Amino acid sequence: MTQETRLAPVPYGEWDDHTRDVLLSHLRRPEIYLSGAPDAPPMPIVLELFAHHLPLSEAWLTFSDLLASSESRLDPAQRELLILRVAWRTRSGYEWNQHHRMGAAEGLTDAQLQAVREGPDSAVWTPEERSMLRAADEMIEGFSVSEETWQQLASWLGAAELFELLFLIGGYLCLATVLNSIGLQAEMPADPTGSKVARP
């Protein structure tokens, strides 16, 4: 299904060789998309949007790839938990659906995936997970982590992990607002708290 966005995606067939080299290098298993098989998935629309500004997109994709690489300091399940909380709070359906699958693949349980929508007060979280979720909420709501939450995080994370956590939350908050503003949306589950989120 083709989705209408405020910026029209640049179809893969219109990419030049340089665009293909750059963007496909950031795609996991590009051969699946390029196989020509009847059941081959379409090129991800987000990459077709990134084709509008290749230097910026290459820098962004390199940054986000690092956060999921062997250079990352956070546990992959922790990373996905934080991204999912950002996606939920910003109502970024594209980000939510992508990372809901990735979170499950990294070991988040069904109960945890459900509880992301409830937030840090859910009973399923460990104290460490709760402090991470609070950090995400505080950065979204007040643009900074509170002193109390910082001390909780610092009691079990080192300096590099703290630095990465902040960039992870801030980076995916940036991406969510970009995708929401472009109009790249997807269906999301109902909010268990019953709260309404205003959308432009």
# chains A, B, ... in the order shown; residues from 1 in each chain; ligands from 1
$ residues_around --residues "stretch 15-24 of chain A" --least-positions-apart "2" --cutoff "8 Å" --atoms "only C-alpha atoms" --output "PyMOL selection string"
chain A and resi 10-13+26-27+30+47+51+54+58
$ write_last_selection --atoms "N, CA, C and O atoms" --output "PDB file, in the first residue's frame"
ATOM      1  N   VAL A  10      11.108   9.450  -3.198  1.00  0.00           N
ATOM      2  CA  VAL A  10      11.815   9.304  -4.471  1.00  0.00           C
ATOM      3  C   VAL A  10      11.861   7.807  -4.776  1.00  0.00           C
ATOM      4  O   VAL A  10      12.558   7.055  -4.084  1.00  0.00           O
ATOM      5  N   PRO A  11      11.123   7.331  -5.775  1.00  0.00           N
ATOM      6  CA  PRO A  11      11.074   5.878  -6.031  1.00  0.00           C
ATOM      7  C   PRO A  11      12.463   5.307  -6.308  1.00  0.00           C
ATOM      8  O   PRO A  11      13.310   5.964  -6.917  1.00  0.00           O
ATOM      9  N   TYR A  12      12.654   4.082  -5.850  1.00  0.00           N
ATOM     10  CA  TYR A  12      13.949   3.436  -6.033  1.00  0.00           C
ATOM     11  C   TYR A  12      14.398   3.453  -7.495  1.00  0.00           C
ATOM     12  O   TYR A  12      15.583   3.651  -7.785  1.00  0.00           O
ATOM     13  N   GLY A  13      13.475   3.287  -8.402  1.00  0.00           N
ATOM     14  CA  GLY A  13      13.811   3.270  -9.816  1.00  0.00           C
ATOM     15  C   GLY A  13      14.395   4.577 -10.323  1.00  0.00           C
ATOM     16  O   GLY A  13      15.003   4.602 -11.399  1.00  0.00           O
ATOM     17  N   HIS A  26      23.010   1.061   4.068  1.00  0.00           N
ATOM     18  CA  HIS A  26      22.416   1.155   5.404  1.00  0.00           C
ATOM     19  C   HIS A  26      21.186   0.266   5.552  1.00  0.00           C
ATOM     20  O   HIS A  26      20.480   0.336   6.569  1.00  0.00           O
ATOM     21  N   LEU A  27      20.930  -0.564   4.572  1.00  0.00           N
ATOM     22  CA  LEU A  27      19.767  -1.443   4.597  1.00  0.00           C
ATOM     23  C   LEU A  27      20.213  -2.857   4.911  1.00  0.00           C
ATOM     24  O   LEU A  27      21.119  -3.397   4.265  1.00  0.00           O
ATOM     25  N   PRO A  30      19.840  -6.011   1.724  1.00  0.00           N
ATOM     26  CA  PRO A  30      19.212  -5.355   0.568  1.00  0.00           C
ATOM     27  C   PRO A  30      18.819  -6.328  -0.527  1.00  0.00           C
ATOM     28  O   PRO A  30      17.909  -6.041  -1.316  1.00  0.00           O
ATOM     29  N   LEU A  47      13.538   5.132   3.317  1.00  0.00           N
ATOM     30  CA  LEU A  47      14.740   5.324   2.510  1.00  0.00           C
ATOM     31  C   LEU A  47      14.428   6.154   1.267  1.00  0.00           C
ATOM     32  O   LEU A  47      15.266   6.958   0.822  1.00  0.00           O
ATOM     33  N   ALA A  51      16.179   9.855   0.305  1.00  0.00           N
ATOM     34  CA  ALA A  51      16.838  10.133  -0.976  1.00  0.00           C
ATOM     35  C   ALA A  51      16.742  11.602  -1.374  1.00  0.00           C
ATOM     36  O   ALA A  51      17.460  12.045  -2.279  1.00  0.00           O
ATOM     37  N   LEU A  54      20.750  13.518   0.318  1.00  0.00           N
ATOM     38  CA  LEU A  54      21.668  12.402   0.540  1.00  0.00           C
ATOM     39  C   LEU A  54      22.755  12.698   1.577  1.00  0.00           C
ATOM     40  O   LEU A  54      23.006  11.860   2.447  1.00  0.00           O
ATOM     41  N   GLU A  58      22.872  10.400   4.853  1.00  0.00           N
ATOM     42  CA  GLU A  58      24.010   9.518   5.115  1.00  0.00           C
ATOM     43  C   GLU A  58      24.560   9.752   6.516  1.00  0.00           C
ATOM     44  O   GLU A  58      24.878   8.797   7.233  1.00  0.00           O
TER      45      GLU A  58
END
$ residues_around --residues "stretch 160-163 of chain A" --least-positions-apart "5" --cutoff "12 Å" --atoms "only C-alpha atoms" --output "list in words"
Leu67, Glu71, Ser72, Arg73, Leu74, Asp75, Gln78, Arg79, Ser131, Met132, Ala135, Val145, Thr149, Trp150, Gln151, Gln152, Leu153, Ala154, Ser155, Leu168, Ile169, Gly170 and Gly171 of chain A
$ select_by_dssp --residues "chain A" --states "alpha helix (DSSP H)" --output "MDAnalysis selection string"
chainID A and resid 17:24 30:34 45:50 54:67 76:90 93:105 110:115 127:142 147:154 159:182
$ closest_atom_pairs --of "stretch 135-176 of chain A" --to "stretch 91-103 of chain A" --cutoff "12 Å" --atoms "only C-alpha atoms" --output "Markdown table"
| residue | atom | partner | partner_atom | distance |
| --- | --- | --- | --- | --- |
| A:Tyr172 | CA | A:Glu95 | CA | 8.5 |
| A:Leu173 | CA | A:Ser92 | CA | 9.4 |
| A:Cys174 | CA | A:Ser92 | CA | 10.9 |
| A:Leu175 | CA | A:Glu95 | CA | 8.4 |
| A:Ala176 | CA | A:Ser92 | CA | 5.5 |
$ write_last_selection --atoms "N, CA, C and O atoms" --output "PDB file, in the first residue's frame"
ATOM      1  N   TYR A 172      16.085   9.607  18.484  1.00  0.00           N
ATOM      2  CA  TYR A 172      14.826   9.040  18.006  1.00  0.00           C
ATOM      3  C   TYR A 172      13.660   9.990  18.232  1.00  0.00           C
ATOM      4  O   TYR A 172      12.641   9.900  17.520  1.00  0.00           O
ATOM      5  N   LEU A 173      13.783  10.915  19.173  1.00  0.00           N
ATOM      6  CA  LEU A 173      12.799  11.985  19.284  1.00  0.00           C
ATOM      7  C   LEU A 173      12.879  12.874  18.043  1.00  0.00           C
ATOM      8  O   LEU A 173      11.847  13.265  17.472  1.00  0.00           O
ATOM      9  N   CYS A 174      14.087  13.180  17.617  1.00  0.00           N
ATOM     10  CA  CYS A 174      14.281  13.932  16.376  1.00  0.00           C
ATOM     11  C   CYS A 174      13.650  13.205  15.199  1.00  0.00           C
ATOM     12  O   CYS A 174      12.889  13.802  14.420  1.00  0.00           O
ATOM     13  N   LEU A 175      13.958  11.932  15.039  1.00  0.00           N
ATOM     14  CA  LEU A 175      13.432  11.173  13.904  1.00  0.00           C
ATOM     15  C   LEU A 175      11.907  11.114  13.939  1.00  0.00           C
ATOM     16  O   LEU A 175      11.251  11.261  12.900  1.00  0.00           O
ATOM     17  N   ALA A 176      11.341  10.902  15.120  1.00  0.00           N
ATOM     18  CA  ALA A 176       9.883  10.813  15.238  1.00  0.00           C
ATOM     19  C   ALA A 176       9.221  12.115  14.793  1.00  0.00           C
ATOM     20  O   ALA A 176       8.213  12.102  14.071  1.00  0.00           O
TER      21      ALA A 176
END
$ residues_around --residues "A:Ala123" --least-positions-apart "5" --cutoff "12 Å" --atoms "only C-alpha atoms" --output "list of chain:residue names"
A:Ala111, A:Gln112, A:Gln114, A:Ala115, A:Val116, A:Glu118, A:Glu129, A:Arg130
$ atom_distance --atom1 "atom CA of A:Ala87" --atom2 "atom CA of A:Thr109"
17.6 Å
